[in-house]
file start_21.cif (mmCIF, C-alpha atoms and all ligand atoms)
data_work
loop_
_atom_site.label_atom_id
_atom_site.label_comp_id
_atom_site.auth_asym_id
_atom_site.auth_seq_id
_atom_site.Cartn_x
_atom_site.Cartn_y
_atom_site.Cartn_z
CA MET B 1 -148.03 10.29 -17.56
CA THR B 2 -151.79 10.28 -17.93
CA THR B 3 -153.77 7.22 -17.00
CA THR B 4 -155.18 5.23 -19.88
CA THR B 5 -158.93 5.36 -19.77
CA HIS B 6 -160.22 4.34 -23.14
CA ALA B 7 -157.61 1.89 -24.38
CA PRO B 8 -159.32 -1.20 -25.79
CA ALA B 9 -158.92 -4.37 -23.76
CA ALA B 10 -157.61 -6.34 -26.73
CA ARG B 11 -156.01 -5.04 -29.91
CA SER B 12 -158.81 -3.91 -32.14
CA GLY B 13 -157.13 -2.94 -35.39
CA THR B 14 -155.99 -5.05 -38.34
CA SER B 15 -155.04 -8.49 -37.01
CA ALA B 16 -151.47 -9.82 -37.13
CA ALA B 17 -152.62 -12.43 -39.67
CA ASP B 18 -154.11 -9.76 -41.95
CA ILE B 19 -150.96 -7.64 -41.63
CA ALA B 20 -148.85 -10.68 -42.60
CA PHE B 21 -151.20 -11.40 -45.54
CA HIS B 22 -150.24 -8.05 -47.05
CA TYR B 23 -146.78 -7.11 -45.80
CA ASP B 24 -145.14 -10.53 -45.63
CA VAL B 25 -145.74 -11.40 -49.32
CA SER B 26 -142.02 -11.06 -50.12
CA ASN B 27 -139.53 -8.32 -49.25
CA GLU B 28 -137.91 -8.88 -52.66
CA PHE B 29 -141.22 -8.28 -54.41
CA TYR B 30 -141.80 -4.93 -52.66
CA ALA B 31 -138.18 -3.92 -53.35
CA LEU B 32 -138.88 -4.24 -57.10
CA TRP B 33 -141.28 -1.31 -57.21
CA LEU B 34 -140.82 0.74 -54.03
CA ASP B 35 -137.86 3.12 -53.82
CA ARG B 36 -134.58 2.35 -52.09
CA THR B 37 -135.88 3.64 -48.71
CA MET B 38 -138.65 1.00 -49.05
CA SER B 39 -141.22 3.69 -48.25
CA TYR B 40 -144.72 2.29 -48.63
CA SER B 41 -146.74 5.49 -48.35
CA ALA B 42 -147.24 8.62 -50.42
CA GLY B 43 -144.18 10.70 -51.23
CA LEU B 44 -144.16 14.51 -51.22
CA TRP B 45 -143.91 15.62 -54.83
CA ASP B 46 -143.68 19.44 -54.59
CA GLY B 47 -140.97 20.43 -57.07
CA VAL B 48 -140.11 16.80 -57.96
CA ASP B 49 -140.24 16.16 -61.73
CA GLY B 50 -139.03 13.35 -63.94
CA ASP B 51 -139.99 9.92 -65.20
CA PRO B 52 -142.36 8.45 -62.57
CA ALA B 53 -140.89 4.97 -63.14
CA ASP B 54 -137.39 6.22 -62.38
CA ALA B 55 -135.96 5.10 -59.03
CA ASP B 56 -134.30 8.45 -58.31
CA THR B 57 -137.46 10.45 -59.03
CA LEU B 58 -139.47 8.35 -56.58
CA ALA B 59 -136.67 8.39 -53.99
CA ARG B 60 -136.56 12.21 -54.09
CA ALA B 61 -140.30 12.42 -53.35
CA GLN B 62 -139.95 9.87 -50.56
CA ARG B 63 -137.00 11.64 -48.94
CA ALA B 64 -138.90 14.94 -49.03
CA LYS B 65 -141.79 13.19 -47.24
CA LEU B 66 -139.47 11.76 -44.56
CA ASP B 67 -137.92 15.19 -43.92
CA HIS B 68 -141.34 16.85 -43.77
CA HIS B 69 -142.44 14.48 -41.01
CA LEU B 70 -139.20 14.95 -39.09
CA ASP B 71 -139.84 18.71 -39.27
CA LEU B 72 -143.37 18.22 -37.93
CA ALA B 73 -142.04 16.02 -35.12
CA GLY B 74 -139.56 18.75 -34.12
CA ALA B 75 -136.39 16.80 -35.04
CA THR B 76 -133.93 19.45 -36.13
CA ASP B 77 -130.22 18.58 -36.08
CA GLY B 78 -129.87 15.78 -33.57
CA SER B 79 -128.49 18.08 -30.91
CA GLY B 80 -129.76 17.10 -27.50
CA GLY B 81 -129.93 13.42 -28.45
CA PHE B 82 -133.38 13.46 -30.05
CA GLN B 83 -135.40 10.27 -29.37
CA LEU B 84 -137.99 9.44 -32.04
CA LEU B 85 -140.81 6.91 -32.11
CA ASP B 86 -142.10 5.74 -35.53
CA VAL B 87 -145.47 4.00 -35.16
CA GLY B 88 -145.92 1.62 -38.09
CA CYS B 89 -142.34 1.84 -39.38
CA GLY B 90 -142.61 -0.50 -42.37
CA TRP B 91 -139.18 -1.65 -43.57
CA GLY B 92 -137.51 1.12 -41.57
CA GLY B 93 -136.99 3.87 -44.19
CA MET B 94 -137.95 6.64 -41.76
CA THR B 95 -135.90 5.36 -38.83
CA ALA B 96 -132.82 4.84 -41.04
CA HIS B 97 -133.15 8.30 -42.60
CA ALA B 98 -133.80 9.99 -39.24
CA VAL B 99 -130.64 8.55 -37.69
CA GLY B 100 -128.54 8.49 -40.88
CA SER B 101 -129.17 12.19 -41.54
CA GLY B 102 -128.07 13.05 -38.00
CA ARG B 103 -131.43 14.62 -37.12
CA VAL B 104 -132.22 11.94 -34.53
CA GLN B 105 -129.97 10.05 -32.14
CA GLN B 106 -132.23 7.05 -31.58
CA ALA B 107 -135.28 5.98 -33.57
CA THR B 108 -137.57 3.24 -32.30
CA GLY B 109 -139.84 1.67 -34.91
CA LEU B 110 -142.98 -0.38 -34.28
CA THR B 111 -144.28 -2.83 -36.85
CA LEU B 112 -146.63 -5.80 -36.76
CA SER B 113 -144.99 -7.48 -39.74
CA PRO B 114 -142.40 -10.18 -38.98
CA ALA B 115 -140.88 -9.77 -42.48
CA GLN B 116 -140.39 -6.03 -41.97
CA HIS B 117 -138.99 -6.55 -38.49
CA ALA B 118 -136.54 -9.19 -39.78
CA HIS B 119 -135.41 -6.84 -42.58
CA MET B 120 -134.68 -4.02 -40.10
CA THR B 121 -132.99 -6.36 -37.64
CA GLU B 122 -130.67 -7.68 -40.38
CA LEU B 123 -129.59 -4.13 -41.26
CA ARG B 124 -128.32 -3.65 -37.66
CA MET B 125 -128.25 0.12 -38.06
CA PRO B 126 -126.80 1.80 -34.97
CA GLY B 127 -129.40 4.01 -33.29
CA VAL B 128 -132.37 2.17 -34.88
CA VAL B 129 -134.45 -0.01 -32.55
CA PRO B 130 -136.94 -2.23 -34.42
CA LEU B 131 -139.77 -3.68 -32.32
CA LEU B 132 -142.32 -6.27 -33.44
CA GLU B 133 -145.06 -4.72 -31.33
CA SER B 134 -148.43 -3.05 -31.65
CA TRP B 135 -148.80 0.57 -30.57
CA ASP B 136 -151.36 -0.37 -27.94
CA ALA B 137 -148.87 -2.74 -26.26
CA HIS B 138 -146.00 -0.25 -26.35
CA SER B 139 -144.62 1.44 -23.28
CA THR B 140 -141.43 3.37 -22.65
CA GLU B 141 -139.38 4.25 -19.57
CA ARG B 142 -137.87 7.25 -21.33
CA PRO B 143 -140.28 9.72 -22.96
CA TYR B 144 -139.79 10.48 -26.65
CA ASP B 145 -138.96 13.92 -28.03
CA GLY B 146 -141.12 13.35 -31.09
CA ILE B 147 -143.40 10.81 -32.77
CA VAL B 148 -144.12 10.12 -36.44
CA SER B 149 -146.67 7.77 -37.92
CA VAL B 150 -146.94 7.42 -41.68
CA GLY B 151 -149.48 5.21 -43.37
CA ALA B 152 -150.32 3.07 -40.32
CA PHE B 153 -153.37 4.84 -38.84
CA GLU B 154 -155.42 3.17 -41.60
CA HIS B 155 -154.89 -0.11 -39.71
CA PHE B 156 -155.86 1.06 -36.22
CA ALA B 157 -159.62 0.43 -36.64
CA THR B 158 -161.28 -2.38 -38.54
CA ASP B 159 -164.20 -2.52 -40.93
CA GLY B 160 -167.42 -3.32 -39.15
CA MET B 161 -166.65 -1.11 -36.13
CA SER B 162 -169.28 1.44 -35.15
CA ALA B 163 -168.45 5.14 -35.27
CA GLN B 164 -168.24 5.09 -31.48
CA GLN B 165 -165.80 2.18 -31.48
CA ARG B 166 -163.59 3.88 -34.07
CA LEU B 167 -163.53 7.05 -32.01
CA ALA B 168 -162.58 5.05 -28.91
CA VAL B 169 -159.64 3.40 -30.72
CA TYR B 170 -158.39 6.63 -32.27
CA GLY B 171 -158.79 8.38 -28.90
CA ALA B 172 -156.79 5.61 -27.22
CA TYR B 173 -154.01 6.12 -29.78
CA PHE B 174 -153.75 9.86 -29.10
CA GLU B 175 -153.88 9.25 -25.36
CA LYS B 176 -150.97 6.79 -25.67
CA CYS B 177 -148.97 9.28 -27.74
CA HIS B 178 -149.60 11.93 -25.10
CA GLY B 179 -148.25 9.59 -22.44
CA TRP B 180 -145.12 8.72 -24.48
CA LEU B 181 -144.13 12.30 -25.35
CA LYS B 182 -142.13 14.85 -23.39
CA PRO B 183 -143.89 18.09 -22.42
CA ALA B 184 -144.52 20.27 -25.50
CA GLY B 185 -143.48 17.33 -27.69
CA GLN B 186 -144.45 17.34 -31.35
CA MET B 187 -145.92 14.63 -33.48
CA SER B 188 -146.86 13.99 -37.09
CA LEU B 189 -149.45 11.80 -38.76
CA GLN B 190 -149.88 10.88 -42.41
CA THR B 191 -153.03 8.98 -43.24
CA ILE B 192 -155.40 8.28 -46.07
CA ALA B 193 -158.99 9.27 -45.26
CA TYR B 194 -162.38 8.91 -46.87
CA ASP B 195 -163.43 12.16 -48.45
CA ASP B 196 -166.67 11.55 -50.29
CA GLU B 197 -169.97 9.98 -49.35
CA THR B 198 -169.14 6.46 -50.65
CA GLY B 199 -166.62 5.68 -47.90
CA PRO B 200 -165.86 1.96 -47.70
CA ASP B 201 -168.84 1.13 -49.94
CA GLY B 202 -167.23 2.34 -53.16
CA PRO B 203 -166.14 -0.38 -55.64
CA VAL B 204 -162.42 0.22 -55.11
CA GLY B 205 -162.82 0.19 -51.33
CA ARG B 206 -164.59 -3.18 -51.51
CA PHE B 207 -161.99 -4.70 -53.87
CA VAL B 208 -159.07 -3.50 -51.76
CA ALA B 209 -160.66 -4.67 -48.50
CA ALA B 210 -161.38 -8.13 -49.95
CA ASN B 211 -158.16 -8.74 -51.90
CA ILE B 212 -155.37 -6.50 -50.71
CA PHE B 213 -155.78 -5.04 -47.23
CA PRO B 214 -158.21 -7.20 -45.24
CA GLY B 215 -159.28 -5.85 -41.87
CA MET B 216 -158.59 -2.18 -42.35
CA THR B 217 -160.73 0.92 -42.64
CA LEU B 218 -160.01 4.57 -43.25
CA PRO B 219 -160.81 7.42 -40.89
CA ARG B 220 -162.59 10.65 -41.76
CA LEU B 221 -161.01 13.98 -40.80
CA ALA B 222 -163.75 14.75 -38.25
CA GLU B 223 -162.90 11.53 -36.39
CA ILE B 224 -159.21 12.42 -36.20
CA THR B 225 -159.83 15.91 -34.87
CA ALA B 226 -162.44 14.70 -32.36
CA ALA B 227 -160.10 11.96 -31.13
CA CYS B 228 -156.98 14.12 -30.76
CA ASP B 229 -158.47 17.33 -29.39
CA ARG B 230 -158.22 16.49 -25.71
CA TYR B 231 -154.48 15.70 -25.91
CA PHE B 232 -153.07 17.66 -28.85
CA SER B 233 -153.49 20.91 -30.68
CA VAL B 234 -153.18 20.73 -34.45
CA THR B 235 -150.35 22.89 -35.80
CA VAL B 236 -150.40 21.95 -39.51
CA LEU B 237 -153.01 20.26 -41.68
CA THR B 238 -152.55 19.62 -45.39
CA ALA B 239 -154.63 17.59 -47.82
CA SER B 240 -152.58 16.21 -50.72
CA PRO B 241 -154.54 13.56 -52.66
CA ASP B 242 -152.42 14.20 -55.77
CA ASP B 243 -149.30 13.16 -53.84
CA TYR B 244 -150.81 9.70 -53.41
CA ALA B 245 -152.03 9.56 -57.00
CA ARG B 246 -148.50 10.34 -58.27
CA THR B 247 -146.92 7.82 -55.90
CA LEU B 248 -149.32 5.07 -56.99
CA ASN B 249 -148.67 5.97 -60.62
CA SER B 250 -144.94 5.62 -60.00
CA TRP B 251 -145.29 2.27 -58.15
CA SER B 252 -147.55 0.96 -60.87
CA ALA B 253 -145.13 1.97 -63.66
CA ARG B 254 -142.21 0.46 -61.76
CA LEU B 255 -144.11 -2.78 -61.13
CA LEU B 256 -144.95 -3.05 -64.83
CA ARG B 257 -141.31 -2.50 -65.74
CA ALA B 258 -140.31 -5.35 -63.37
CA ARG B 259 -143.12 -7.65 -64.53
CA SER B 260 -141.11 -10.81 -65.22
CA GLN B 261 -139.26 -10.69 -61.88
CA ALA B 262 -142.52 -9.87 -60.09
CA GLU B 263 -144.29 -12.84 -61.70
CA GLU B 264 -141.45 -15.11 -60.63
CA LEU B 265 -141.90 -13.96 -57.03
CA VAL B 266 -145.69 -13.74 -56.68
CA GLY B 267 -147.02 -15.47 -59.81
CA PRO B 268 -149.01 -13.94 -62.69
CA GLU B 269 -152.16 -13.71 -60.55
CA GLY B 270 -150.31 -11.85 -57.78
CA PHE B 271 -148.84 -9.43 -60.32
CA ARG B 272 -152.27 -8.83 -61.86
CA ARG B 273 -153.90 -8.23 -58.45
CA TYR B 274 -151.26 -5.72 -57.34
CA ARG B 275 -151.36 -3.82 -60.64
CA LEU B 276 -155.14 -3.60 -60.38
CA TYR B 277 -154.94 -2.39 -56.78
CA LEU B 278 -152.37 0.28 -57.64
CA ARG B 279 -154.28 1.54 -60.71
CA ALA B 280 -157.66 1.50 -58.96
CA SER B 281 -156.27 3.26 -55.88
CA GLU B 282 -154.75 5.98 -58.08
CA SER B 283 -158.18 6.63 -59.56
CA THR B 284 -159.66 6.82 -56.04
CA PHE B 285 -157.39 9.78 -55.25
CA LEU B 286 -157.90 11.41 -58.65
CA ARG B 287 -161.69 11.19 -58.16
CA ARG B 288 -161.27 12.57 -54.63
CA ALA B 289 -163.15 9.63 -53.11
CA ALA B 290 -160.21 9.50 -50.70
CA THR B 291 -157.60 12.04 -49.72
CA LEU B 292 -154.26 12.14 -47.93
CA TYR B 293 -153.71 14.16 -44.77
CA ARG B 294 -150.45 15.22 -43.21
CA ILE B 295 -151.06 16.61 -39.75
CA GLY B 296 -148.72 18.19 -37.24
CA PHE B 297 -149.59 18.16 -33.53
CA ARG B 298 -148.30 19.73 -30.34
CA ARG B 299 -148.85 18.01 -27.00
CA ARG B 300 -151.26 19.76 -24.65
CA ASP B 301 -149.40 19.33 -21.40
CA GLU B 302 -152.69 19.78 -19.56
CA PRO B 303 -155.26 17.68 -21.43
CA LEU B 304 -158.59 19.42 -22.02
CA PRO B 305 -161.45 18.37 -19.74
CA ARG B 306 -163.30 15.29 -20.91
CA PRO B 307 -166.50 16.34 -22.75
CA ALA B 308 -169.57 16.08 -20.46
C1 LIG M 401 -148.41 1.04 -45.24
S1 LIG M 401 -147.19 0.53 -44.08
C2 LIG M 401 -146.33 2.07 -43.85
C3 LIG M 401 -144.93 1.85 -43.40
C4 LIG M 401 -144.03 3.08 -43.28
N1 LIG M 401 -144.49 3.99 -42.27
C5 LIG M 401 -143.86 3.75 -44.60
O1 LIG M 401 -144.32 4.89 -44.76
O2 LIG M 401 -143.24 3.16 -45.46
C6 LIG M 401 -148.11 0.32 -42.52
C7 LIG M 401 -147.28 -0.12 -41.36
O3 LIG M 401 -148.08 -0.04 -40.18
C8 LIG M 401 -147.78 -1.14 -39.36
N2 LIG M 401 -148.89 -1.35 -38.40
C9 LIG M 401 -150.18 -1.63 -38.66
N3 LIG M 401 -150.88 -1.75 -37.51
C10 LIG M 401 -150.00 -1.52 -36.50
C11 LIG M 401 -150.11 -1.53 -35.09
N4 LIG M 401 -151.26 -1.79 -34.46
N5 LIG M 401 -149.01 -1.26 -34.35
C12 LIG M 401 -147.82 -1.00 -34.96
N6 LIG M 401 -147.66 -0.99 -36.32
C13 LIG M 401 -148.74 -1.26 -37.07
C14 LIG M 401 -147.58 -2.28 -40.35
O4 LIG M 401 -146.90 -3.36 -39.74
C15 LIG M 401 -146.75 -1.53 -41.40
O5 LIG M 401 -145.41 -1.53 -41.00
#
call {"tool": "encode", "arguments": {"input": "start_21.cif", "output": "structure tokens"}}
result
Amino acid sequence: MTTTTHAPAARSGTSAADIAFHYDVSNEFYALWLDRTMSYSAGLWDGVDGDPADADTLARAQRAKLDHHLDLAGATDGSGGFQLLDVGCGWGGMTAHAVGSGRVQQATGLTLSPAQHAHMTELRMPGVVPLLESWDAHSTERPYDGIVSVGAFEHFATDGMSAQQRLAVYGAYFEKCHGWLKPAGQMSLQTIAYDDETGPDGPVGRFVAANIFPGMTLPRLAEITAACDRYFSVTVLTASPDDYARTLNSWSARLLRARSQAEELVGPEGFRRYRLYLRASESTFLRRAATLYRIGFRRRDEPLPRPA
């Protein structure tokens, strides 16, 4: 394993309280408008048609996304007892699919949300190990064969950090992943990123930061590539903003369809706030103010020299 040199002393991303503010609203509420895998990130819509409010349509796009990331992480058919780490596992859709499909023998999922962790623990799925733990506190005796992280990188830095601080945090993440992976191990990352000049200062960014996702900030592509380069080579890079726009459109339609149940769970104001967030975020992707990256990595077994 490599020694950790730029890990932050204390956790520097979205705080546990801010994570709970968003993710611990109510598992029942999220179940109303997410798909049955409880995926809370963009699906992969290539070749998926149908009514966006339909549960099966959304589930098909989400399953395609899960399989795509397992491909990028090198999980093929489970032979050899594949060990997977899912950083930011949500309600466990990826870990359940990875093990349930037979592609992975054991899937460890990290989340900071007590409600998500409780949901996964109650399911007691053999081969799935849910941990209520931040990535920067995680360690493992047994190296992983592959790592996936979908929709969590957006929480690793916080608003107000300098460019240098963000780079240090992202660099610490890739250094950790390098230490957790077996030689030549593969990894995938799905993250939203700023893609125009407004960045966090756009109106949607400000609304979402104040009302929906406090304490988070998005990376830019140049920060990701600068942070990973020492430890990983990039094998695949795709930008798919329309995948997020379609997913948000589907969530929004499904939330509207479940309005009365949603209002019972989170009140009319909660319903209104979530609908606004989903509609406004969809427009952010359609306007290309933000984009969605899916990136595949291969571990550099000899890290590159540190830049002078
Ligand atoms: C938008 S959800 C995505 C969940 C899941 N990957 C999916 O696609 O449905 C973000 C997840 O990242 C987790 N997360 C945020 N910061 C984290 C950290 N520092 N360490 C581990 N997990 C974190 C949250 O608890 C949440 O489960």
call {"tool": "residues_around", "arguments": {"input": "start_21.cif", "residues": "Val208 of chain B", "least_positions_apart": "3", "cutoff": "12 Å", "atoms": "all atoms listed in the file", "output": "list in words"}}
result
His22, Pro200, Asp201, Gly202, Pro203, Val204, Gly205, Asn211, Ile212, Phe213, Pro214, Gly215, Met216, Thr217, Leu218, Arg273, Tyr274, Arg275, Leu276, Tyr277, Leu278, Arg279, Ala280, Ser281 and Thr284 of chain B
call {"tool": "residues_near_ligand", "arguments": {"input": "start_21.cif", "ligand": "ligand LIG 401 (chain M)", "cutoff": "9 Å", "atoms": "all atoms listed in the file", "output": "PyMOL selection string"}}
result
chain B and resi 11-16+19-20+23+37-43+62+66+86-94+109-114+116-117+131-138+148-157+190
call {"tool": "closest_residue", "arguments": {"input": "start_21.cif", "among": "B:Ser101, B:Asp24, B:Glu282, B:Leu34", "to": "Ala53 of chain B", "atoms": "all atoms listed in the file"}}
result
B:Leu34
call {"tool": "closest_residue", "arguments": {"input": "start_21.cif", "among": "B:Phe21, B:Trp251, B:Phe174, B:Tyr244", "to": "Ser188 of chain B", "atoms": "all atoms listed in the file"}}
result
B:Phe174
call {"tool": "atom_distance", "arguments": {"input": "start_21.cif", "atom1": "atom CA of Ala172 of chain B", "atom2": "atom CA of Leu72 of chain B"}}
result
21.3 Å
call {"tool": "atom_distance", "arguments": {"input": "start_21.cif", "atom1": "atom CA of Arg257 of chain B", "atom2": "atom CA of Asp54 of chain B"}}
result
10.1 Å
call {"tool": "atom_distance", "arguments": {"input": "start_21.cif", "atom1": "atom CA of Asn27 of chain B", "atom2": "atom CA of Gly102 of chain B"}}
result
26.7 Å
call {"tool": "closest_atom_pairs", "arguments": {"input": "start_21.cif", "of": "segment 76-194 of chain B", "to": "segment 220-226 of chain B", "cutoff": "7 Å", "atoms": "only C-alpha atoms", "output": "CSV"}}
result
residue,atom,partner,partner_atom,distance
B:Leu167,CA,B:Glu223,CA,6.3
B:Ala193,CA,B:Arg220,CA,5.2
B:Tyr194,CA,B:Arg220,CA,5.4
call {"tool": "closest_residue", "arguments": {"input": "start_21.cif", "among": "B:Ala168, B:Ala55, B:Val99, B:Leu265", "to": "Ala75 of chain B", "atoms": "all atoms listed in the file"}}
result
B:Val99
call {"tool": "residues_around", "arguments": {"input": "start_21.cif", "residues": "Ala239 of chain B", "least_positions_apart": "6", "cutoff": "12 Å", "atoms": "all atoms listed in the file", "output": "list in words"}}
result
Ala42, Leu44, Leu189, Gln190, Thr191, Ile192, Ala193, Tyr194, Asp195, Leu221, Phe285, Arg288, Ala290, Thr291, Leu292, Tyr293, Arg294 and Ile295 of chain B
call {"tool": "residues_around", "arguments": {"input": "start_21.cif", "residues": "Thr95 of chain B", "least_positions_apart": "4", "cutoff": "9 Å", "atoms": "only C-alpha atoms", "output": "tab-separated table (two decimals) with C-alpha atoms, keeping the file's coordinate frame"}}
result
chain	number	residue	atom	x	y	z
B	84	LEU	CA	-137.99	9.44	-32.04
B	85	LEU	CA	-140.81	6.91	-32.11
B	86	ASP	CA	-142.10	5.74	-35.53
B	89	CYS	CA	-142.34	1.84	-39.38
B	99	VAL	CA	-130.64	8.55	-37.69
B	100	GLY	CA	-128.54	8.49	-40.88
B	104	VAL	CA	-132.22	11.94	-34.53
B	106	GLN	CA	-132.23	7.05	-31.58
B	107	ALA	CA	-135.28	5.98	-33.57
B	108	THR	CA	-137.57	3.24	-32.30
B	109	GLY	CA	-139.84	1.67	-34.91
B	127	GLY	CA	-129.40	4.01	-33.29
B	128	VAL	CA	-132.37	2.17	-34.88
B	129	VAL	CA	-134.45	-0.01	-32.55
B	130	PRO	CA	-136.94	-2.23	-34.42
call {"tool": "closest_residue", "arguments": {"input": "start_21.cif", "among": "B:Cys177, B:Cys228, B:Met125, B:Leu32", "to": "Arg259 of chain B", "atoms": "all atoms listed in the file"}}
result
B:Leu32
call {"tool": "closest_residue", "arguments": {"input": "start_21.cif", "among": "B:Pro126, B:Ala308, B:Pro303, B:Pro268", "to": "Leu256 of chain B", "atoms": "only C-alpha atoms"}}
result
B:Pro268
call {"tool": "closest_residue", "arguments": {"input": "start_21.cif", "among": "B:Ala98, B:Ala118, B:Met161, B:Leu58", "to": "Ala253 of chain B", "atoms": "all atoms listed in the file"}}
result
B:Leu58
call {"tool": "axis_aligned_box", "arguments": {"input": "start_21.cif", "around": "segment 23-37 of chain B", "padding_each_side": "6 Å", "output": "AutoDock Vina command-line options"}}
result
--center_x -140.7 --center_y -3.9 --center_z -51.4 --size_x 24.2 --size_y 27.0 --size_z 23.6
call {"tool": "build_atoms", "arguments": {"input": "start_21.cif", "residues": "segment 227-250 of chain B", "atoms": "N, CA and C atoms", "output": "mmCIF file, in the frame of the given file"}}
result
data_model
loop_
_atom_site.group_PDB
_atom_site.id
_atom_site.type_symbol
_atom_site.label_atom_id
_atom_site.label_comp_id
_atom_site.auth_asym_id
_atom_site.auth_seq_id
_atom_site.Cartn_x
_atom_site.Cartn_y
_atom_site.Cartn_z
ATOM 1 N N ALA B 227 -160.857 12.883 -31.977
ATOM 2 C CA ALA B 227 -160.100 11.960 -31.130
ATOM 3 C C ALA B 227 -158.857 12.603 -30.525
ATOM 4 N N CYS B 228 -158.259 13.558 -31.252
ATOM 5 C CA CYS B 228 -156.980 14.120 -30.760
ATOM 6 C C CYS B 228 -157.176 15.314 -29.848
ATOM 7 N N ASP B 229 -158.334 15.971 -29.940
ATOM 8 C CA ASP B 229 -158.470 17.330 -29.390
ATOM 9 C C ASP B 229 -158.121 17.422 -27.899
ATOM 10 N N ARG B 230 -158.468 16.428 -27.150
ATOM 11 C CA ARG B 230 -158.220 16.490 -25.710
ATOM 12 C C ARG B 230 -156.708 16.556 -25.401
ATOM 13 N N TYR B 231 -155.898 15.889 -26.236
ATOM 14 C CA TYR B 231 -154.480 15.700 -25.910
ATOM 15 C C TYR B 231 -153.516 16.534 -26.747
ATOM 16 N N PHE B 232 -153.981 16.982 -27.910
ATOM 17 C CA PHE B 232 -153.070 17.660 -28.850
ATOM 18 C C PHE B 232 -153.767 18.836 -29.514
ATOM 19 N N SER B 233 -152.984 19.895 -29.760
ATOM 20 C CA SER B 233 -153.490 20.910 -30.680
ATOM 21 C C SER B 233 -152.864 20.657 -32.041
ATOM 22 N N VAL B 234 -153.646 20.944 -33.073
ATOM 23 C CA VAL B 234 -153.180 20.730 -34.450
ATOM 24 C C VAL B 234 -152.409 21.971 -34.889
ATOM 25 N N THR B 235 -151.188 21.758 -35.381
ATOM 26 C CA THR B 235 -150.350 22.890 -35.800
ATOM 27 C C THR B 235 -150.310 23.038 -37.318
ATOM 28 N N VAL B 236 -150.452 21.941 -38.034
ATOM 29 C CA VAL B 236 -150.400 21.950 -39.510
ATOM 30 C C VAL B 236 -151.387 20.900 -40.011
ATOM 31 N N LEU B 237 -152.128 21.259 -41.047
ATOM 32 C CA LEU B 237 -153.010 20.260 -41.680
ATOM 33 C C LEU B 237 -152.976 20.493 -43.185
ATOM 34 N N THR B 238 -152.515 19.494 -43.924
ATOM 35 C CA THR B 238 -152.550 19.620 -45.390
ATOM 36 C C THR B 238 -153.255 18.417 -45.989
ATOM 37 N N ALA B 239 -153.971 18.661 -47.067
ATOM 38 C CA ALA B 239 -154.630 17.590 -47.820
ATOM 39 C C ALA B 239 -153.932 17.511 -49.179
ATOM 40 N N SER B 240 -153.392 16.345 -49.503
ATOM 41 C CA SER B 240 -152.580 16.210 -50.720
ATOM 42 C C SER B 240 -152.925 14.926 -51.472
ATOM 43 N N PRO B 241 -154.182 14.806 -51.961
ATOM 44 C CA PRO B 241 -154.540 13.560 -52.660
ATOM 45 C C PRO B 241 -153.677 13.313 -53.900
ATOM 46 N N ASP B 242 -153.229 14.404 -54.560
ATOM 47 C CA ASP B 242 -152.420 14.200 -55.770
ATOM 48 C C ASP B 242 -151.055 13.584 -55.447
ATOM 49 N N ASP B 243 -150.563 13.805 -54.223
ATOM 50 C CA ASP B 243 -149.300 13.160 -53.840
ATOM 51 C C ASP B 243 -149.458 11.639 -53.843
ATOM 52 N N TYR B 244 -150.639 11.162 -53.397
ATOM 53 C CA TYR B 244 -150.810 9.700 -53.410
ATOM 54 C C TYR B 244 -151.039 9.215 -54.827
ATOM 55 N N ALA B 245 -151.800 9.988 -55.615
ATOM 56 C CA ALA B 245 -152.030 9.560 -57.000
ATOM 57 C C ALA B 245 -150.697 9.432 -57.741
ATOM 58 N N ARG B 246 -149.798 10.396 -57.565
ATOM 59 C CA ARG B 246 -148.500 10.340 -58.270
ATOM 60 C C ARG B 246 -147.649 9.183 -57.768
ATOM 61 N N THR B 247 -147.713 8.927 -56.459
ATOM 62 C CA THR B 247 -146.920 7.820 -55.900
ATOM 63 C C THR B 247 -147.429 6.489 -56.445
ATOM 64 N N LEU B 248 -148.741 6.329 -56.479
ATOM 65 C CA LEU B 248 -149.320 5.070 -56.990
ATOM 66 C C LEU B 248 -148.996 4.902 -58.473
ATOM 67 N N ASN B 249 -149.016 6.021 -59.202
ATOM 68 C CA ASN B 249 -148.670 5.970 -60.620
ATOM 69 C C ASN B 249 -147.210 5.506 -60.795
ATOM 70 N N SER B 250 -146.353 6.003 -59.930
ATOM 71 C CA SER B 250 -144.940 5.620 -60.000
ATOM 72 C C SER B 250 -144.769 4.133 -59.638
#
